[in-house]
$ cat entry37.txt   # compact mmCIF, C-alpha atoms
# COMPACT_ATOMS: atom_id res chain seq x y z
CA MET A 1 0.00 0.00 0.00
CA ILE A 2 3.01 2.30 -0.36
CA PRO A 3 3.40 3.86 -3.81
CA MET A 4 6.50 3.38 -5.94
CA ALA A 5 9.07 6.12 -5.36
CA PHE A 6 8.64 9.23 -7.47
CA ASP A 7 10.03 12.73 -7.77
CA TYR A 8 7.80 15.61 -6.80
CA GLU A 9 7.52 18.99 -8.46
CA VAL A 10 5.30 21.89 -7.51
CA ALA A 11 3.77 23.78 -10.43
CA GLU A 12 3.91 27.53 -9.80
CA SER A 13 1.65 28.30 -12.77
CA VAL A 14 -0.11 26.48 -15.59
CA ASP A 15 2.76 27.34 -17.96
CA HIS A 16 5.23 25.98 -15.43
CA ALA A 17 3.22 22.74 -15.25
CA ILE A 18 3.36 22.47 -19.05
CA ASP A 19 7.14 23.03 -18.97
CA LEU A 20 7.56 20.41 -16.27
CA LEU A 21 5.49 17.91 -18.28
CA GLY A 22 7.81 18.60 -21.21
CA GLN A 23 10.93 18.15 -19.13
CA HIS A 24 9.89 14.93 -17.47
CA GLY A 25 8.16 13.22 -20.36
CA GLU A 26 5.51 10.57 -20.57
CA ASP A 27 6.06 8.97 -17.16
CA SER A 28 5.24 12.18 -15.35
CA LYS A 29 1.73 12.83 -14.17
CA LEU A 30 -0.26 15.81 -12.96
CA LEU A 31 -1.52 15.66 -9.38
CA ALA A 32 -4.71 17.62 -8.67
CA GLY A 33 -6.72 16.58 -5.60
CA GLY A 34 -5.19 13.12 -5.74
CA HIS A 35 -8.34 11.24 -4.77
CA SER A 36 -8.31 9.08 -7.86
CA LEU A 37 -4.57 9.05 -8.47
CA ILE A 38 -3.17 8.41 -4.98
CA PRO A 39 -5.36 5.33 -4.34
CA ILE A 40 -4.29 3.73 -7.64
CA MET A 41 -0.65 4.62 -6.92
CA ARG A 42 -1.00 2.94 -3.54
CA LEU A 43 -2.37 -0.15 -5.27
CA ARG A 44 0.53 0.17 -7.73
CA LEU A 45 -1.84 0.27 -10.65
CA ALA A 46 -0.10 3.53 -11.53
CA ALA A 47 3.57 4.32 -10.99
CA PRO A 48 4.43 7.73 -12.38
CA THR A 49 8.10 8.62 -11.95
CA VAL A 50 7.35 12.31 -11.41
CA LEU A 51 4.29 13.95 -9.91
CA ILE A 52 3.63 17.55 -10.85
CA ASP A 53 1.42 19.03 -8.16
CA LEU A 54 -1.18 21.57 -9.29
CA GLY A 55 -2.38 21.94 -5.70
CA ARG A 56 -0.90 25.40 -5.24
CA LEU A 57 -2.67 26.91 -8.26
CA GLU A 58 -5.38 28.85 -6.46
CA GLU A 59 -5.90 30.76 -9.72
CA LEU A 60 -7.55 27.61 -11.09
CA ARG A 61 -10.07 27.51 -8.24
CA TYR A 62 -13.11 29.59 -9.18
CA VAL A 63 -16.65 29.67 -10.49
CA ARG A 64 -17.36 32.62 -12.78
CA ASP A 65 -20.48 33.88 -14.47
CA GLY A 66 -19.74 33.80 -18.20
CA GLY A 67 -23.06 35.21 -19.40
CA ASP A 68 -24.74 32.16 -20.94
CA HIS A 69 -22.46 29.72 -19.12
CA LEU A 70 -20.54 29.12 -15.92
CA ALA A 71 -16.77 28.88 -16.12
CA ILE A 72 -15.30 26.58 -13.48
CA GLY A 73 -11.58 26.48 -12.76
CA ALA A 74 -10.14 22.98 -13.05
CA MET A 75 -8.82 22.97 -9.47
CA THR A 76 -12.21 23.83 -7.98
CA ARG A 77 -12.90 21.30 -5.25
CA HIS A 78 -16.10 19.25 -5.20
CA ARG A 79 -17.02 20.77 -1.84
CA ASP A 80 -16.66 24.28 -3.36
CA LEU A 81 -19.15 23.30 -6.09
CA LEU A 82 -21.60 21.88 -3.57
CA PHE A 83 -21.84 25.20 -1.72
CA ASN A 84 -21.40 27.62 -4.63
CA ASP A 85 -24.32 30.00 -5.16
CA LEU A 86 -23.78 30.48 -8.90
CA VAL A 87 -23.77 26.71 -9.38
CA LYS A 88 -26.88 26.36 -7.22
CA GLU A 89 -28.73 28.99 -9.20
CA HIS A 90 -27.68 28.16 -12.75
CA CYS A 91 -26.50 24.58 -12.96
CA GLY A 92 -27.68 22.71 -9.88
CA ILE A 93 -26.83 19.27 -11.24
CA VAL A 94 -23.10 20.03 -10.94
CA GLY A 95 -23.24 20.97 -7.26
CA TRP A 96 -25.64 18.21 -6.37
CA THR A 97 -23.46 15.57 -8.03
CA ALA A 98 -20.32 17.01 -6.41
CA GLY A 99 -22.03 16.36 -3.09
CA LEU A 100 -22.48 12.70 -4.04
CA LEU A 101 -18.80 12.05 -4.66
CA GLY A 102 -17.07 10.15 -1.87
CA ASP A 103 -17.76 11.97 1.38
CA PRO A 104 -17.09 15.49 2.73
CA SER A 105 -13.40 14.82 3.37
CA VAL A 106 -12.96 13.49 -0.16
CA GLN A 107 -14.88 16.47 -1.53
CA HIS A 108 -12.50 18.83 0.27
CA ARG A 109 -9.65 17.48 -1.87
CA GLY A 110 -11.08 16.14 -5.13
CA THR A 111 -11.32 18.56 -8.04
CA LEU A 112 -13.55 18.84 -11.10
CA GLY A 113 -10.60 18.99 -13.50
CA GLY A 114 -9.00 16.01 -11.79
CA THR A 115 -12.01 13.73 -11.94
CA LEU A 116 -12.62 14.58 -15.62
CA SER A 117 -8.96 14.11 -16.58
CA HIS A 118 -8.92 10.76 -14.80
CA GLY A 119 -11.55 9.75 -17.36
CA ASP A 120 -13.10 6.89 -15.45
CA SER A 121 -16.41 6.01 -17.10
CA SER A 122 -17.76 4.87 -13.75
CA GLY A 123 -17.16 8.38 -12.38
CA ASP A 124 -20.23 10.57 -12.01
CA MET A 125 -18.95 13.93 -13.22
CA PRO A 126 -17.95 12.80 -16.73
CA SER A 127 -21.60 11.86 -17.41
CA VAL A 128 -22.96 15.04 -15.90
CA ILE A 129 -20.66 17.26 -17.95
CA THR A 130 -21.46 15.17 -21.05
CA ALA A 131 -25.22 15.54 -20.52
CA LEU A 132 -24.72 19.29 -20.09
CA GLU A 133 -22.73 19.36 -23.35
CA GLY A 134 -20.00 21.13 -21.44
CA GLU A 135 -16.63 22.16 -22.81
CA LEU A 136 -13.11 21.86 -21.47
CA THR A 137 -10.35 24.38 -21.96
CA ILE A 138 -7.00 22.70 -22.36
CA LYS A 139 -3.65 24.42 -22.35
CA GLY A 140 -0.47 23.03 -23.85
CA PRO A 141 2.81 24.24 -25.35
CA GLN A 142 0.94 25.49 -28.45
CA GLY A 143 -1.56 27.49 -26.43
CA GLU A 144 -5.19 26.96 -25.57
CA ARG A 145 -7.86 24.86 -27.20
CA THR A 146 -11.43 23.95 -26.40
CA VAL A 147 -12.87 20.45 -26.53
CA GLU A 148 -16.45 19.36 -26.14
CA ALA A 149 -17.01 16.83 -23.36
CA ALA A 150 -18.30 14.33 -25.95
CA ASP A 151 -14.91 14.42 -27.71
CA PHE A 152 -12.83 14.56 -24.53
CA PHE A 153 -13.67 11.09 -23.23
CA GLN A 154 -12.19 8.65 -25.74
CA ASP A 155 -11.89 5.27 -24.11
CA TYR A 156 -11.62 3.66 -20.70
CA MET A 157 -9.48 6.13 -18.70
CA MET A 158 -8.32 7.63 -21.98
CA THR A 159 -9.03 11.24 -22.74
CA ASP A 160 -8.14 13.70 -25.45
CA LEU A 161 -5.59 15.30 -23.11
CA GLY A 162 -2.13 15.32 -24.71
CA GLU A 163 1.04 14.38 -22.85
CA GLN A 164 1.97 17.98 -22.25
CA GLU A 165 -1.49 19.43 -21.69
CA VAL A 166 -3.43 20.62 -18.65
CA VAL A 167 -7.21 21.04 -18.28
CA THR A 168 -7.64 24.58 -17.01
CA GLU A 169 -11.36 25.30 -17.16
CA ILE A 170 -14.71 23.59 -17.59
CA ARG A 171 -17.64 25.48 -19.06
CA VAL A 172 -21.22 24.40 -18.52
CA PRO A 173 -24.31 26.14 -19.89
CA LYS A 174 -26.59 28.03 -17.54
CA LEU A 175 -29.82 26.10 -17.48
CA ALA A 176 -32.88 28.10 -18.48
CA PRO A 177 -35.65 28.36 -15.89
CA GLY A 178 -37.85 25.70 -17.56
CA THR A 179 -35.05 23.16 -17.57
CA GLY A 180 -34.97 20.37 -14.99
CA TRP A 181 -32.17 18.00 -14.14
CA SER A 182 -31.40 14.85 -12.24
CA TYR A 183 -28.50 12.54 -11.56
CA LYS A 184 -29.53 9.08 -10.41
CA LYS A 185 -27.00 6.59 -9.32
CA PHE A 186 -27.28 2.97 -8.30
CA SER A 187 -24.58 1.53 -6.09
CA ARG A 188 -24.67 -1.18 -3.48
CA ARG A 189 -22.89 0.82 -0.76
CA SER A 190 -22.91 4.57 -0.28
CA GLN A 191 -19.36 5.26 -1.45
CA ASP A 192 -19.13 2.70 -4.22
CA TRP A 193 -18.60 3.70 -7.80
CA ALA A 194 -21.82 3.91 -9.74
CA THR A 195 -22.93 0.46 -10.87
CA VAL A 196 -24.96 2.58 -13.26
CA GLY A 197 -25.65 6.31 -13.21
CA VAL A 198 -27.92 8.48 -15.32
CA ALA A 199 -27.57 12.22 -15.83
CA ALA A 200 -30.63 13.89 -17.33
CA VAL A 201 -31.14 17.50 -18.39
CA VAL A 202 -34.67 18.03 -19.62
CA GLU A 203 -36.10 21.16 -21.16
CA ARG A 204 -39.85 21.63 -20.77
CA SER A 205 -41.91 23.39 -23.39
CA ASN A 206 -45.65 24.13 -23.07
CA GLY A 207 -46.46 21.05 -21.03
CA SER A 208 -44.42 18.71 -23.14
CA ILE A 209 -40.76 17.84 -23.31
CA GLY A 210 -38.76 20.20 -25.51
CA SER A 211 -35.55 18.25 -25.46
CA ALA A 212 -33.76 15.79 -23.21
CA ARG A 213 -30.05 15.19 -22.86
CA ILE A 214 -29.20 11.95 -21.10
CA ALA A 215 -25.75 10.53 -20.37
CA LEU A 216 -25.04 7.15 -18.81
CA THR A 217 -22.32 6.20 -16.30
CA SER A 218 -20.70 2.73 -16.27
CA MET A 219 -22.44 1.60 -19.45
CA GLY A 220 -19.30 1.47 -21.56
CA ALA A 221 -15.76 2.78 -21.81
CA THR A 222 -16.88 6.43 -21.79
CA PRO A 223 -20.00 8.31 -20.77
CA ILE A 224 -22.65 7.39 -23.37
CA ARG A 225 -25.56 9.51 -24.51
CA ALA A 226 -28.87 7.62 -24.53
CA ALA A 227 -29.55 8.87 -28.04
CA ALA A 228 -32.59 6.70 -28.73
CA VAL A 229 -34.32 7.98 -25.59
CA GLU A 230 -33.41 11.57 -26.37
CA GLN A 231 -34.89 11.21 -29.84
CA ALA A 232 -38.08 9.59 -28.58
CA LEU A 233 -38.57 12.31 -25.97
CA SER A 234 -37.97 15.28 -28.25
CA GLY A 235 -41.30 17.11 -28.40
CA ALA A 236 -43.03 14.21 -26.61
CA SER A 237 -45.60 14.24 -23.83
CA PRO A 238 -44.35 13.47 -20.32
CA ASP A 239 -46.46 10.29 -20.56
CA ALA A 240 -43.97 8.93 -23.08
CA VAL A 241 -41.09 8.70 -20.60
CA ALA A 242 -41.66 5.12 -19.40
CA GLU A 243 -41.78 3.69 -22.88
CA ALA A 244 -38.94 5.81 -24.24
CA SER A 245 -36.69 4.76 -21.35
CA GLN A 246 -36.91 1.15 -22.55
CA SER A 247 -34.32 1.97 -25.20
CA ALA A 248 -31.84 3.55 -22.73
CA ASP A 249 -29.35 0.70 -23.15
CA GLU A 250 -29.36 0.82 -26.95
CA GLY A 251 -25.86 1.39 -28.25
CA THR A 252 -24.22 0.77 -24.87
CA ASN A 253 -21.57 -1.79 -24.06
CA PRO A 254 -21.63 -2.48 -20.31
CA SER A 255 -19.25 -4.95 -18.75
CA SER A 256 -19.90 -7.68 -16.22
CA ASP A 257 -18.00 -7.47 -12.94
CA ASP A 258 -18.38 -8.01 -9.19
CA ALA A 259 -20.99 -5.28 -8.91
CA ALA A 260 -23.33 -6.37 -11.70
CA SER A 261 -23.72 -8.42 -14.85
CA ALA A 262 -23.95 -6.60 -18.16
CA GLU A 263 -27.61 -7.64 -18.39
CA PHE A 264 -28.38 -6.18 -14.95
CA ARG A 265 -26.62 -2.95 -15.95
CA ARG A 266 -28.85 -2.72 -19.02
CA HIS A 267 -31.88 -3.18 -16.80
CA LEU A 268 -30.63 -0.52 -14.39
CA ALA A 269 -29.99 1.91 -17.24
CA ARG A 270 -33.61 1.59 -18.37
CA VAL A 271 -35.08 1.93 -14.88
CA PHE A 272 -32.83 4.80 -13.79
CA THR A 273 -33.29 6.68 -17.06
CA GLN A 274 -37.02 6.72 -16.43
CA ARG A 275 -36.54 7.84 -12.83
CA ALA A 276 -34.01 10.52 -13.77
CA VAL A 277 -36.16 11.99 -16.54
CA GLU A 278 -39.22 11.95 -14.30
CA GLU A 279 -37.32 13.67 -11.52
CA ALA A 280 -35.94 16.23 -13.97
CA LEU A 281 -39.45 16.99 -15.19
CA GLY A 282 -40.57 17.62 -11.63
CA ARG A 283 -37.63 19.83 -10.74
CA MET O 1 14.00 13.86 -0.48
CA ARG O 2 12.24 17.12 -0.11
CA ARG O 3 12.22 19.66 2.68
CA ILE O 4 8.79 20.53 4.08
CA GLN O 5 7.58 22.88 6.77
CA VAL O 6 4.25 22.18 8.37
CA ASN O 7 2.43 23.53 11.36
CA VAL O 8 0.92 20.64 13.29
CA ASN O 9 -1.22 21.39 16.34
CA GLY O 10 0.37 24.81 16.62
CA VAL O 11 3.98 23.62 16.40
CA THR O 12 6.10 24.24 13.31
CA TYR O 13 8.12 21.28 12.09
CA GLU O 14 10.69 21.07 9.34
CA HIS O 15 11.70 17.73 7.90
CA GLU O 16 13.27 16.11 4.88
CA VAL O 17 10.74 13.61 3.58
CA GLU O 18 10.47 11.19 0.71
CA PRO O 19 7.74 12.43 -1.69
CA ARG O 20 5.86 9.14 -1.41
CA LEU O 21 5.55 9.45 2.39
CA LEU O 22 1.86 9.69 3.21
CA LEU O 23 0.75 12.37 5.63
CA VAL O 24 -0.67 9.83 8.06
CA HIS O 25 2.72 8.09 8.30
CA TYR O 26 4.51 11.40 8.70
CA LEU O 27 2.22 12.30 11.60
CA ARG O 28 2.42 8.92 13.31
CA GLU O 29 6.00 7.91 12.68
CA GLY O 30 7.72 11.21 11.97
CA LEU O 31 6.06 13.29 14.69
CA ASN O 32 4.94 10.46 16.98
CA LEU O 33 1.39 11.82 16.92
CA THR O 34 -0.33 8.46 17.10
CA GLY O 35 -3.79 9.87 17.77
CA THR O 36 -4.36 9.67 14.02
CA MET O 37 -5.20 6.10 13.05
CA VAL O 38 -4.51 4.05 9.95
CA GLY O 39 -7.63 2.19 8.96
CA CYS O 40 -8.56 1.08 5.47
CA ASN O 41 -5.71 2.82 3.62
CA THR O 42 -8.09 3.53 0.73
CA SER O 43 -9.77 6.81 1.79
CA ASN O 44 -13.00 5.06 2.69
CA CYS O 45 -13.03 4.58 6.46
CA GLY O 46 -12.02 7.98 7.85
CA ALA O 47 -9.88 6.72 10.76
CA CYS O 48 -7.01 8.89 9.48
CA THR O 49 -9.08 12.09 9.23
CA VAL O 50 -7.22 15.28 10.19
CA LEU O 51 -7.90 18.96 9.54
CA LEU O 52 -5.90 20.61 6.76
CA ASN O 53 -6.29 24.37 7.13
CA GLY O 54 -9.41 23.63 9.19
CA GLU O 55 -11.06 21.26 6.70
CA SER O 56 -11.36 17.51 7.18
CA VAL O 57 -9.18 15.42 4.89
CA LYS O 58 -8.09 11.80 4.84
CA SER O 59 -4.39 11.76 5.66
CA CYS O 60 -3.90 8.36 4.02
CA THR O 61 -4.67 9.94 0.66
CA LEU O 62 -2.40 12.94 0.89
CA PHE O 63 1.36 13.02 0.58
CA ALA O 64 3.20 14.87 3.33
CA VAL O 65 4.78 17.07 0.63
CA GLN O 66 1.30 18.30 -0.34
CA ALA O 67 0.88 19.64 3.20
CA ASP O 68 4.04 21.77 2.92
CA GLY O 69 3.31 25.24 4.24
CA HIS O 70 -0.10 24.27 5.60
CA GLU O 71 -1.68 23.87 9.01
CA ILE O 72 -2.66 20.44 10.28
CA THR O 73 -4.78 19.69 13.32
CA THR O 74 -4.95 16.19 14.74
CA VAL O 75 -7.11 15.03 17.63
CA GLN O 76 -4.15 15.75 19.91
CA GLY O 77 -4.29 19.43 18.99
CA LEU O 78 -7.99 20.06 19.54
CA GLN O 79 -7.80 21.02 23.20
CA THR O 80 -7.12 24.59 24.29
CA ASN O 81 -5.01 25.10 27.43
CA GLY O 82 -5.91 21.66 28.68
CA ASP O 83 -9.64 22.09 28.07
CA TRP O 84 -11.24 19.66 25.69
CA HIS O 85 -12.87 20.90 22.54
CA PRO O 86 -16.70 20.86 22.94
CA MET O 87 -16.81 17.97 20.46
CA GLN O 88 -14.45 15.92 22.63
CA THR O 89 -16.58 16.65 25.69
CA ALA O 90 -19.73 15.73 23.81
CA PHE O 91 -18.23 12.39 22.71
CA HIS O 92 -17.18 11.74 26.31
CA GLU O 93 -20.53 12.62 27.83
CA ASN O 94 -22.55 10.65 25.30
CA HIS O 95 -20.30 7.61 25.45
CA ALA O 96 -19.84 8.03 21.71
CA LEU O 97 -17.15 5.41 21.45
CA GLN O 98 -16.69 1.74 22.05
CA CYS O 99 -13.27 0.52 20.95
CA GLY O 100 -12.22 4.09 20.19
CA TYR O 101 -10.39 3.40 16.94
CA CYS O 102 -12.63 5.57 14.76
CA THR O 103 -13.02 8.27 17.42
CA PRO O 104 -10.27 10.74 16.39
CA GLY O 105 -11.52 10.70 12.81
CA MET O 106 -15.14 10.98 13.87
CA ILE O 107 -14.38 13.97 16.09
CA LEU O 108 -12.36 15.81 13.44
CA ALA O 109 -14.86 15.12 10.65
CA SER O 110 -17.60 16.42 12.96
CA VAL O 111 -15.65 19.55 13.93
CA SER O 112 -15.08 20.30 10.25
CA TYR O 113 -18.71 19.69 9.35
CA LEU O 114 -20.15 21.98 12.03
CA LYS O 115 -18.15 24.84 10.55
CA GLU O 116 -20.01 24.29 7.28
CA ASN O 117 -23.37 23.66 8.87
CA PRO O 118 -23.69 24.82 12.49
CA ASN O 119 -27.30 23.62 12.82
CA PRO O 120 -27.54 20.16 11.31
CA ASN O 121 -30.41 17.78 11.84
CA GLU O 122 -29.87 14.10 12.53
CA GLU O 123 -29.97 13.13 8.88
CA ASP O 124 -27.44 15.84 7.97
CA ILE O 125 -25.05 14.48 10.60
CA ARG O 126 -25.40 10.91 9.41
CA GLU O 127 -24.72 11.99 5.85
CA ALA O 128 -21.77 14.18 6.87
CA LEU O 129 -20.18 11.21 8.63
CA GLU O 130 -20.73 8.75 5.78
CA GLY O 131 -16.99 8.65 5.21
CA ASN O 132 -16.21 7.64 8.80
CA TYR O 133 -16.84 4.04 9.73
CA CYS O 134 -17.44 2.76 13.25
CA ARG O 135 -17.04 -0.99 13.06
CA CYS O 136 -18.46 -1.33 16.58
CA THR O 137 -21.53 0.22 14.90
CA GLY O 138 -21.87 2.77 17.69
CA TYR O 139 -23.38 5.41 15.43
CA GLU O 140 -26.35 6.15 17.66
CA ASN O 141 -24.30 7.83 20.39
CA ILE O 142 -21.90 9.41 17.91
CA VAL O 143 -24.81 11.22 16.25
CA LYS O 144 -26.13 12.28 19.68
CA ALA O 145 -22.71 13.67 20.58
CA VAL O 146 -22.52 15.74 17.41
CA GLN O 147 -26.04 17.04 18.05
CA GLN O 148 -25.01 18.07 21.57
CA ALA O 149 -21.86 19.80 20.34
CA ALA O 150 -23.84 21.58 17.62
CA GLY O 151 -26.24 22.89 20.24
CA GLN O 152 -23.34 24.28 22.23
CA THR O 153 -21.35 25.88 19.48
CA SER O 154 -24.19 27.41 17.47

$ encode --input "entry37.txt" --output "structure tokens"
Amino acid sequence: MIPMAFDYEVAESVDHAIDLLGQHGEDSKLLAGGHSLIPIMRLRLAAPTVLIDLGRLEELRYVRDGGDHLAIGAMTRHRDLLFNDLVKEHCGIVGWTAGLLGDPSVQHRGTLGGTLSHGDSSGDMPSVITALEGELTIKGPQGERTVEAADFFQDYMMTDLGEQEVVTEIRVPKLAPGTGWSYKKFSRRSQDWATVGVAAVVERSNGSIGSARIALTSMGATPIRAAAVEQALSGASPDAVAEASQSADEGTNPSSDDAASAEFRRHLARVFTQRAVEEALGR
Amino acid sequence: MRRIQVNVNGVTYEHEVEPRLLLVHYLREGLNLTGTMVGCNTSNCGACTVLLNGESVKSCTLFAVQADGHEITTVQGLQTNGDWHPMQTAFHENHALQCGYCTPGMILASVSYLKENPNPNEEDIREALEGNYCRCTGYENIVKAVQQAAGQTS
């Protein structure tokens, strides 16, 4: 339970972190809150030779009103998001989900940028940011670029982040007043990873559903949009939710493991999609 | 090796540490502050909870080098001039411990939580302590103790 030895560097700025990544090469790794990375280092599933600590970059810890969106600094802690007024008012699903992650002590350390960069498809935030159609700002030696969440998550724990790049900001849209949301998660014990999770952002329009954006956790190597359900719900009556949710597992590729069989995951995806959309409609 | 300076329970320490040294081992073996326990080693159980700049964290999932320049409070630093912290008194008076192994973590997680929410209800307290396990299952009195302390500090 002791990690392999490594060298430790403190990043004084984002540019410094990028330089350090360049100096130390592919076996170096960025350390944010450490609540995904340190456990896997302790299990020796990861053994970076150099850790570059972003923990001192207070300039990456913020939530800003960007007009039609919220801009969240990558080093913003989950606990910050849970209590943030802008998040509460404009994008409640982010704060609510932050409050589900681990426990308060974990939320004091874990960061939004860290959990997204870790890219675990059984993590909750990747699905939430995917359902929100959020964007990530990434900085590297060539400057800044923006990536949509849907393109960021590429495979199991594989993201679009290059070897010498740092996620600096996450942008999520402000949800309009008629828009409801829900994140429903099934796990056998309170702190377990999601056996299945469903993030739903549903826009209401004159008594019917305007549009629904639904992303699934633990149903494949990345967060997966429940496209068939979204299509069936577009412009539909709220009565259509139960039937539409039956296609939630279409196009997914869940695995079988200790927590659940693939078939049970498919079942959970259907049931929790219905519950999430219904909750979103009532919220 | 890397030189760090930390303030633990009001005392400033300077040490050369290996980067992979976990904070909990630094506290226990480096500073001999054995009030902080090692439990699950996987950031689930909360036995190793300490305050980092006043906020609860799990010291098994933090490298000592990350605490460089910061303030740490362990259960041994909660008292003031020999007087227990109200949370310690509340745990004592409510018999909120059986074997005592989880107690330091429970107390520190509770102290941290009351700063965020000075008037919690029972459900709030249970949820706030979800990351602290009592394998004696003595939660009933632990929750009562936190309620008592909340009443006194609010």

$ residues_near_point --input "entry37.txt" --point "(5.5, 7.5, 2.7)" --cutoff "8 Å" --atoms "all atoms listed in the file" --output "list in words"
Ile2 and Pro3 of chain A; Glu18, Pro19, Arg20, Leu21, Leu22, Leu23, His25, Tyr26, Phe63 and Ala64 of chain O

$ write_last_selection --input "entry37.txt" --atoms "C-alpha atoms" --output "PDB file, keeping the file's coordinate frame"
ATOM      1  CA  ILE A   2       3.010   2.300  -0.360  1.00  0.00           C
ATOM      2  CA  PRO A   3       3.400   3.860  -3.810  1.00  0.00           C
TER       3      PRO A   3
ATOM      4  CA  GLU O  18      10.470  11.190   0.710  1.00  0.00           C
ATOM      5  CA  PRO O  19       7.740  12.430  -1.690  1.00  0.00           C
ATOM      6  CA  ARG O  20       5.860   9.140  -1.410  1.00  0.00           C
ATOM      7  CA  LEU O  21       5.550   9.450   2.390  1.00  0.00           C
ATOM      8  CA  LEU O  22       1.860   9.690   3.210  1.00  0.00           C
ATOM      9  CA  LEU O  23       0.750  12.370   5.630  1.00  0.00           C
ATOM     10  CA  HIS O  25       2.720   8.090   8.300  1.00  0.00           C
ATOM     11  CA  TYR O  26       4.510  11.400   8.700  1.00  0.00           C
ATOM     12  CA  PHE O  63       1.360  13.020   0.580  1.00  0.00           C
ATOM     13  CA  ALA O  64       3.200  14.870   3.330  1.00  0.00           C
TER      14      ALA O  64
END

$ interface_residues --input "entry37.txt" --of "chain O" --to "chain A" --cutoff "7 Å" --atoms "only C-alpha atoms" --output "VMD selection string"
chain O and resid 19 to 20 42 56 to 58 61 128 130 to 131

$ residues_near_point --input "entry37.txt" --point "(-38.6, 4.8, -16.3)" --cutoff "12 Å" --atoms "all atoms listed in the file" --output "list of chain:residue names"
A:Lys184, A:Val198, A:Val229, A:Pro238, A:Asp239, A:Ala240, A:Val241, A:Ala242, A:Glu243, A:Ala244, A:Ser245, A:Gln246, A:Ser247, A:Ala248, A:His267, A:Leu268, A:Ala269, A:Arg270, A:Val271, A:Phe272, A:Thr273, A:Gln274, A:Arg275, A:Ala276, A:Val277, A:Glu278, A:Glu279, A:Ala280

$ atom_distance --input "entry37.txt" --atom1 "atom CA of A:Thr179" --atom2 "atom CA of A:His90"
10.1 Å

$ residues_around --input "entry37.txt" --residues "O:Val38" --least-positions-apart "4" --cutoff "10 Å" --atoms "all atoms listed in the file" --output "mmCIF file with C-alpha atoms, keeping the file's coordinate frame"
data_model
loop_
_atom_site.group_PDB
_atom_site.id
_atom_site.type_symbol
_atom_site.label_atom_id
_atom_site.label_comp_id
_atom_site.auth_asym_id
_atom_site.auth_seq_id
_atom_site.Cartn_x
_atom_site.Cartn_y
_atom_site.Cartn_z
ATOM 1 C CA VAL O 24 -0.670 9.830 8.060
ATOM 2 C CA HIS O 25 2.720 8.090 8.300
ATOM 3 C CA ARG O 28 2.420 8.920 13.310
ATOM 4 C CA THR O 34 -0.330 8.460 17.100
ATOM 5 C CA THR O 42 -8.090 3.530 0.730
ATOM 6 C CA CYS O 45 -13.030 4.580 6.460
ATOM 7 C CA GLY O 46 -12.020 7.980 7.850
ATOM 8 C CA ALA O 47 -9.880 6.720 10.760
ATOM 9 C CA CYS O 48 -7.010 8.890 9.480
ATOM 10 C CA THR O 49 -9.080 12.090 9.230
ATOM 11 C CA LYS O 58 -8.090 11.800 4.840
ATOM 12 C CA SER O 59 -4.390 11.760 5.660
ATOM 13 C CA CYS O 60 -3.900 8.360 4.020
ATOM 14 C CA TYR O 101 -10.390 3.400 16.940
ATOM 15 C CA CYS O 102 -12.630 5.570 14.760
#

$ atom_distance --input "entry37.txt" --atom1 "atom CA of O:Gly39" --atom2 "atom CA of O:Gly105"
10.1 Å

$ atom_distance --input "entry37.txt" --atom1 "atom CA of A:Ala131" --atom2 "atom CA of A:Gly119"
15.2 Å

$ residues_around --input "entry37.txt" --residues "A:Ala74" --least-positions-apart "5" --cutoff "6 Å" --atoms "only C-alpha atoms" --output "VMD selection string"
chain A and resid 60 112 to 113 168 to 169

$ write_last_selection --input "entry37.txt" --atoms "C-alpha atoms" --output "compact mmCIF listing (two decimals), keeping the file's coordinate frame"
# COMPACT_ATOMS: atom_id res chain seq x y z
CA LEU A 60 -7.55 27.61 -11.09
CA LEU A 112 -13.55 18.84 -11.10
CA GLY A 113 -10.60 18.99 -13.50
CA THR A 168 -7.64 24.58 -17.01
CA GLU A 169 -11.36 25.30 -17.16
